[in-house]
>>> print(open('work.tsv').read())   # TSV, C-alpha atoms and all ligand atoms
chain	number	residue	atom	x	y	z
P	1	MET	CA	26.71	-9.65	3.09
P	2	THR	CA	23.96	-11.44	4.99
P	3	SER	CA	20.28	-10.68	4.68
P	4	SER	CA	20.39	-9.01	8.10
P	5	ASP	CA	22.82	-6.28	7.09
P	6	ALA	CA	21.58	-5.82	3.54
P	7	ALA	CA	19.24	-3.02	2.58
P	8	ALA	CA	15.70	-4.24	3.00
P	9	ALA	CA	12.72	-4.05	0.72
P	10	VAL	CA	9.75	-1.74	0.43
P	11	ILE	CA	6.48	-3.57	-0.03
P	12	TRP	CA	4.00	-1.14	-1.53
P	13	LEU	CA	0.35	-2.11	-1.08
P	14	THR	CA	-1.95	-0.25	-3.45
P	15	GLY	CA	-5.70	-0.68	-3.84
P	16	LEU	CA	-9.12	0.79	-3.19
P	17	SER	CA	-10.36	1.77	0.26
P	18	SER	CA	-11.63	-1.38	2.03
P	19	ALA	CA	-9.70	-3.66	-0.36
P	20	GLY	CA	-7.82	-5.08	2.64
P	21	LYS	CA	-4.47	-3.29	2.47
P	22	SER	CA	-4.09	-2.69	6.20
P	23	THR	CA	-5.23	-6.17	7.19
P	24	LEU	CA	-2.88	-7.78	4.71
P	25	GLY	CA	-0.07	-5.45	5.75
P	26	GLU	CA	-0.56	-6.41	9.41
P	27	TYR	CA	-0.41	-10.10	8.50
P	28	VAL	CA	2.87	-9.67	6.61
P	29	LEU	CA	4.28	-7.41	9.33
P	30	ASN	CA	3.52	-9.92	12.07
P	31	SER	CA	4.86	-12.86	10.07
P	32	LEU	CA	8.12	-11.05	9.39
P	33	ARG	CA	8.52	-10.06	13.03
P	34	ILE	CA	7.74	-13.57	14.25
P	35	SER	CA	10.52	-14.87	12.02
P	36	GLY	CA	12.93	-12.34	13.53
P	37	ARG	CA	12.98	-9.68	10.80
P	38	LYS	CA	12.92	-5.99	11.44
P	39	ALA	CA	9.78	-4.65	9.81
P	40	GLU	CA	7.60	-1.57	9.96
P	41	MET	CA	4.37	-0.46	8.35
P	42	LEU	CA	3.47	3.02	7.15
P	43	ASP	CA	-0.26	3.38	6.65
P	44	GLY	CA	-1.78	6.23	4.64
P	45	ASP	CA	-4.55	6.78	7.19
P	46	VAL	CA	-2.05	6.95	10.05
P	47	VAL	CA	0.61	9.17	8.49
P	48	ARG	CA	-2.07	11.54	7.24
P	49	LEU	CA	-3.35	11.88	10.80
P	50	GLN	CA	-0.04	11.91	12.65
P	51	LEU	CA	2.51	13.38	10.28
P	52	TRP	CA	0.99	15.35	7.44
P	53	LYS	CA	-2.42	16.78	8.18
P	54	ASP	CA	-1.74	19.41	5.54
P	55	LEU	CA	-2.49	16.95	2.73
P	56	LEU	CA	-6.02	16.41	1.44
P	57	PHE	CA	-7.17	14.31	-1.52
P	58	SER	CA	-6.48	16.32	-4.68
P	59	LYS	CA	-4.25	14.59	-7.23
P	60	LYS	CA	-1.42	16.89	-6.19
P	61	ASP	CA	-1.81	16.01	-2.49
P	62	ARG	CA	-2.11	12.28	-3.16
P	63	ASP	CA	1.06	12.40	-5.25
P	64	GLU	CA	2.78	14.30	-2.45
P	65	ASN	CA	1.59	11.64	0.00
P	66	VAL	CA	3.26	8.99	-2.15
P	67	ARG	CA	6.42	11.07	-2.43
P	68	ARG	CA	6.73	11.48	1.34
P	69	LEU	CA	5.99	7.81	1.96
P	70	THR	CA	8.68	6.93	-0.57
P	71	ILE	CA	11.25	9.02	1.30
P	72	LEU	CA	10.39	7.38	4.62
P	73	GLY	CA	10.41	3.94	3.02
P	74	GLU	CA	13.82	4.63	1.53
P	75	LEU	CA	15.24	5.67	4.92
P	76	LEU	CA	13.87	2.66	6.73
P	77	ALA	CA	14.79	0.10	4.08
P	78	ARG	CA	18.29	1.51	3.77
P	79	ASN	CA	18.68	0.70	7.46
P	80	GLY	CA	17.60	-2.90	7.06
P	81	ILE	CA	13.95	-2.51	8.00
P	82	ILE	CA	11.50	-4.18	5.67
P	83	THR	CA	8.91	-1.47	5.12
P	84	ILE	CA	5.31	-2.09	4.22
P	85	ILE	CA	3.55	0.93	2.79
P	86	SER	CA	-0.22	0.80	2.68
P	87	ALA	CA	-1.85	3.60	0.73
P	88	ILE	CA	-4.50	3.78	-1.98
P	89	SER	CA	-1.86	5.55	-4.11
P	90	PRO	CA	-4.26	5.74	-7.04
P	91	TYR	CA	-1.98	7.26	-9.68
P	92	ARG	CA	0.24	4.97	-11.71
P	93	ALA	CA	2.86	7.60	-12.49
P	94	ALA	CA	3.39	8.37	-8.79
P	95	ARG	CA	3.87	4.68	-8.00
P	96	GLU	CA	6.32	4.39	-10.88
P	97	GLU	CA	8.30	7.28	-9.39
P	98	ALA	CA	8.46	5.33	-6.13
P	99	ARG	CA	9.68	2.27	-8.04
P	100	LYS	CA	12.42	4.31	-9.69
P	101	ARG	CA	13.60	5.75	-6.41
P	102	LEU	CA	13.53	2.58	-4.32
P	103	PRO	CA	16.18	-0.05	-5.11
P	104	THR	CA	14.15	-2.99	-3.78
P	105	PHE	CA	10.57	-2.09	-4.53
P	106	MET	CA	7.70	-4.49	-4.75
P	107	GLU	CA	4.29	-3.38	-5.90
P	108	VAL	CA	1.40	-5.42	-4.53
P	109	TYR	CA	-2.00	-4.85	-6.06
P	110	VAL	CA	-4.51	-5.48	-3.29
P	111	ASN	CA	-7.41	-6.15	-5.57
P	112	ALA	CA	-11.03	-6.50	-4.62
P	113	PRO	CA	-13.71	-5.31	-7.04
P	114	LEU	CA	-15.31	-1.97	-6.25
P	115	ASP	CA	-18.70	-3.52	-5.44
P	116	VAL	CA	-17.05	-5.80	-2.87
P	117	CYS	CA	-15.19	-2.86	-1.30
P	118	GLU	CA	-18.43	-0.91	-1.20
P	119	ARG	CA	-20.25	-3.76	0.48
P	120	ARG	CA	-17.46	-4.04	3.07
P	121	ASP	CA	-17.36	-0.25	3.54
P	122	ILE	CA	-15.36	-0.65	6.74
P	123	LYS	CA	-15.36	3.06	7.53
P	124	GLY	CA	-18.77	3.95	6.03
P	125	LEU	CA	-17.02	6.26	3.57
P	126	TYR	CA	-18.48	4.82	0.34
P	127	ARG	CA	-21.99	5.35	1.70
P	128	ASN	CA	-21.06	8.88	2.60
P	129	ALA	CA	-19.49	9.50	-0.83
P	130	ARG	CA	-22.55	8.10	-2.68
P	131	ALA	CA	-24.74	10.36	-0.57
P	132	GLY	CA	-22.65	13.34	-1.64
P	133	GLY	CA	-21.03	13.88	1.75
P	134	ILE	CA	-17.48	13.34	0.43
P	135	HIS	CA	-16.32	14.60	-2.94
P	136	GLY	CA	-13.46	13.04	-4.89
P	137	PHE	CA	-13.65	9.65	-3.21
P	138	THR	CA	-11.52	7.01	-4.93
P	139	GLY	CA	-13.63	4.61	-6.98
P	140	VAL	CA	-16.73	6.79	-6.73
P	141	ASP	CA	-15.82	10.12	-8.27
P	142	ALA	CA	-12.03	9.99	-8.26
P	143	PRO	CA	-9.94	7.59	-10.34
P	144	TYR	CA	-8.04	4.49	-9.32
P	145	GLU	CA	-5.41	3.48	-11.87
P	146	ALA	CA	-4.82	-0.22	-11.28
P	147	PRO	CA	-1.26	-1.51	-11.68
P	148	LEU	CA	-0.61	-2.94	-15.15
P	149	GLN	CA	2.18	-5.26	-14.06
P	150	PRO	CA	2.15	-5.61	-10.28
P	151	ASP	CA	4.87	-7.77	-8.78
P	152	VAL	CA	2.18	-9.59	-6.85
P	153	GLU	CA	-1.60	-9.41	-7.10
P	154	CYS	CA	-3.78	-10.41	-4.16
P	155	ARG	CA	-7.46	-10.98	-4.86
P	156	THR	CA	-8.73	-10.40	-1.37
P	157	ASP	CA	-12.29	-11.30	-2.36
P	158	LEU	CA	-11.15	-14.76	-3.50
P	159	GLU	CA	-8.14	-15.54	-1.32
P	160	SER	CA	-7.78	-15.79	2.44
P	161	ILE	CA	-5.51	-13.30	4.21
P	162	GLU	CA	-3.05	-16.16	4.76
P	163	GLU	CA	-2.99	-17.06	1.05
P	164	SER	CA	-2.45	-13.45	0.01
P	165	GLY	CA	0.12	-12.84	2.73
P	166	GLU	CA	2.08	-15.96	1.85
P	167	LYS	CA	2.31	-14.83	-1.79
P	168	ILE	CA	4.05	-11.66	-0.61
P	169	LEU	CA	6.36	-13.52	1.76
P	170	ARG	CA	7.25	-16.02	-0.98
P	171	TYR	CA	8.16	-13.16	-3.31
P	172	LEU	CA	10.44	-11.66	-0.65
P	173	ARG	CA	12.17	-15.01	-0.18
P	174	THR	CA	12.63	-15.84	-3.83
P	175	HIS	CA	13.63	-12.39	-5.10
P	176	TRP	CA	15.65	-10.95	-2.26
P	177	SER	CA	16.20	-13.86	0.15
P	178	LEU	CA	14.41	-11.85	2.83
P	201	LIG	S1	-4.05	8.21	-1.12
P	201	LIG	O1	-5.02	8.25	-2.22
P	201	LIG	O2	-3.45	9.53	-0.87
P	201	LIG	O3	-3.01	7.17	-1.31
P	201	LIG	P1	-4.37	7.23	1.55
P	201	LIG	O4	-4.23	5.75	1.46
P	201	LIG	O5	-3.21	8.01	2.07
P	201	LIG	O6	-4.90	7.81	0.15
P	201	LIG	O7	-5.61	7.57	2.50
P	201	LIG	C1	-6.83	6.96	2.18
P	201	LIG	C2	-7.77	7.00	3.38
P	201	LIG	O8	-8.22	8.32	3.61
P	201	LIG	C3	-8.99	6.15	3.14
P	201	LIG	O9	-8.82	4.86	3.63
P	201	LIG	C4	-10.07	6.89	3.87
P	201	LIG	O10	-10.10	6.46	5.20
P	201	LIG	C5	-9.62	8.32	3.87
P	201	LIG	N1	-10.24	9.22	2.87
P	201	LIG	C6	-10.81	10.41	3.18
P	201	LIG	N2	-11.21	11.04	2.07
P	201	LIG	C7	-10.89	10.25	1.02
P	201	LIG	C8	-11.05	10.36	-0.39
P	201	LIG	N3	-11.63	11.43	-0.95
P	201	LIG	N4	-10.58	9.36	-1.19
P	201	LIG	C9	-10.01	8.29	-0.63
P	201	LIG	N5	-9.84	8.11	0.70
P	201	LIG	C10	-10.26	9.10	1.53
>>> encode(input="work.tsv", output="structure tokens", more="lines below")
Ligand code: ADX
Amino acid sequence: MTSSDAAAAVIWLTGLSSAGKSTLGEYVLNSLRISGRKAEMLDGDVVRLQLWKDLLFSKKDRDENVRRLTILGELLARNGIITIISAISPYRAAREEARKRLPTFMEVYVNAPLDVCERRDIKGLYRNARAGGIHGFTGVDAPYEAPLQPDVECRTDLESIEESGEKILRYLRTHWSL
């Protein structure tokens, strides 16, 4: 079996809002496509808007978000498409469920300290949450359970996008020859 007809991997990017998940995901997606791989990205913000507007941000809904993303990731990867999933996915147990279900699962902890994420505040949501406009915002008044043993950790406050992205690509090459 060659790498082109083998099942592909799911790269799961977890981290706080504004940690850099989408940016890093785009870098990896583009690199894979440039080198001729089939790849797709599922972004929490996008699927919530386009596919499942019914989900909000309770623990139950966030776990359901992860469950649905896992199912899509499984379908795509089974068909040879390397799938990057970018979602805060704050609960460890839900991510572990995804790991159990997905045969080639890679957890990437996109790690930037909360104060850095708050300073970046790309969407202005931290400011809003601190002002009381949003309740249950991850890192402010809702938990983020950091991975204990991520397959790869990217410190986006210390590394360039290229450095972080190359770590992920190296892992794909060395573990699954992708
Ligand atoms: S997850 O927690 O269920 O994995 P997901 O990654 O899909 O979250 O969506 C997070 C995005 O939703 C954030 O980037 C932000 O734009 C938006 N958002 C709106 N409300 C919240 C909230 N209470 N907590 C976190 N993100 C929120």
>>> residues_near_ligand(input="work.tsv", ligand="ligand LIG 201 (chain P)", cutoff="9 Å", atoms="all atoms listed in the file", output="PyMOL selection string")
chain P and resi 14-18+43-48+55-59+61-66+86-91+122-123+125+129+134-142+144
>>> closest_residue(input="work.tsv", among="P:Leu51, P:Ile71, P:Ala112, P:Ile161", to="Ala98 in chain P", atoms="all atoms listed in the file")
P:Ile71
>>> residues_around(input="work.tsv", residues="Tyr109 in chain P", least_positions_apart="6", cutoff="10 Å", atoms="only C-alpha atoms", output="list of chain:residue names")
P:Trp12, P:Leu13, P:Thr14, P:Gly15, P:Leu16, P:Ala19, P:Lys21, P:Ile88, P:Ala146, P:Pro147, P:Leu148, P:Gln149, P:Pro150, P:Asp151, P:Val152, P:Glu153, P:Cys154, P:Arg155, P:Thr156
>>> write_last_selection(input="work.tsv", atoms="C-alpha atoms", output="PDB file, in the frame of the given file")
ATOM      1  CA  TRP P  12       4.000  -1.140  -1.530  1.00  0.00           C
ATOM      2  CA  LEU P  13       0.350  -2.110  -1.080  1.00  0.00           C
ATOM      3  CA  THR P  14      -1.950  -0.250  -3.450  1.00  0.00           C
ATOM      4  CA  GLY P  15      -5.700  -0.680  -3.840  1.00  0.00           C
ATOM      5  CA  LEU P  16      -9.120   0.790  -3.190  1.00  0.00           C
ATOM      6  CA  ALA P  19      -9.700  -3.660  -0.360  1.00  0.00           C
ATOM      7  CA  LYS P  21      -4.470  -3.290   2.470  1.00  0.00           C
ATOM      8  CA  ILE P  88      -4.500   3.780  -1.980  1.00  0.00           C
ATOM      9  CA  ALA P 146      -4.820  -0.220 -11.280  1.00  0.00           C
ATOM     10  CA  PRO P 147      -1.260  -1.510 -11.680  1.00  0.00           C
ATOM     11  CA  LEU P 148      -0.610  -2.940 -15.150  1.00  0.00           C
ATOM     12  CA  GLN P 149       2.180  -5.260 -14.060  1.00  0.00           C
ATOM     13  CA  PRO P 150       2.150  -5.610 -10.280  1.00  0.00           C
ATOM     14  CA  ASP P 151       4.870  -7.770  -8.780  1.00  0.00           C
ATOM     15  CA  VAL P 152       2.180  -9.590  -6.850  1.00  0.00           C
ATOM     16  CA  GLU P 153      -1.600  -9.410  -7.100  1.00  0.00           C
ATOM     17  CA  CYS P 154      -3.780 -10.410  -4.160  1.00  0.00           C
ATOM     18  CA  ARG P 155      -7.460 -10.980  -4.860  1.00  0.00           C
ATOM     19  CA  THR P 156      -8.730 -10.400  -1.370  1.00  0.00           C
TER      20      THR P 156
END
>>> axis_aligned_box(input="work.tsv", around="range 147-155 of chain P", padding_each_side="3 Å", output="AutoDock Vina command-line options")
--center_x -1.3 --center_y -6.2 --center_z -9.7 --size_x 18.3 --size_y 15.5 --size_z 17.0
>>> atom_distance(input="work.tsv", atom1="CA of Arg173 in chain P", atom2="CA of Glu26 in chain P")
18.1 Å
>>> atom_distance(input="work.tsv", atom1="CA of Ile81 in chain P", atom2="CA of Glu159 in chain P")
27.3 Å
>>> atom_distance(input="work.tsv", atom1="CA of Ile85 in chain P", atom2="CA of Gln50 in chain P")
15.2 Å
>>> residues_around(input="work.tsv", residues="Arg78 in chain P", least_positions_apart="2", cutoff="9 Å", atoms="all atoms listed in the file", output="VMD selection string")
chain P and resid 6 to 9 73 to 76 80 to 81
>>> closest_atom_pairs(input="work.tsv", of="range 156-175 of chain P", to="range 27-30 of chain P", cutoff="8 Å", atoms="all atoms listed in the file", output="tab-separated table")
residue	atom	partner	partner_atom	distance
P:Ile161	CA	P:Tyr27	CA	7.4
P:Glu162	CA	P:Tyr27	CA	7.6
P:Gly165	CA	P:Val28	CA	5.7
P:Glu166	CA	P:Val28	CA	7.9
P:Ile168	CA	P:Val28	CA	7.6
P:Leu169	CA	P:Val28	CA	7.1
>>> closest_residue(input="work.tsv", among="P:Leu72, P:Ser31, P:Ala94, P:Ser22", to="Lys60 in chain P", atoms="only C-alpha atoms")
P:Ala94
>>> closest_residue(input="work.tsv", among="P:Leu32, P:Val108, P:Ala39, P:Leu69", to="Lys167 in chain P", atoms="all atoms listed in the file")
P:Val108
>>> closest_residue(input="work.tsv", among="P:Leu178, P:Arg130, P:Glu163, P:Val116", to="Gly36 in chain P", atoms="all atoms listed in the file")
P:Leu178
>>> closest_residue(input="work.tsv", among="P:Glu96, P:Glu145, P:Asp157, P:Glu40", to="Arg119 in chain P", atoms="only C-alpha atoms")
P:Asp157
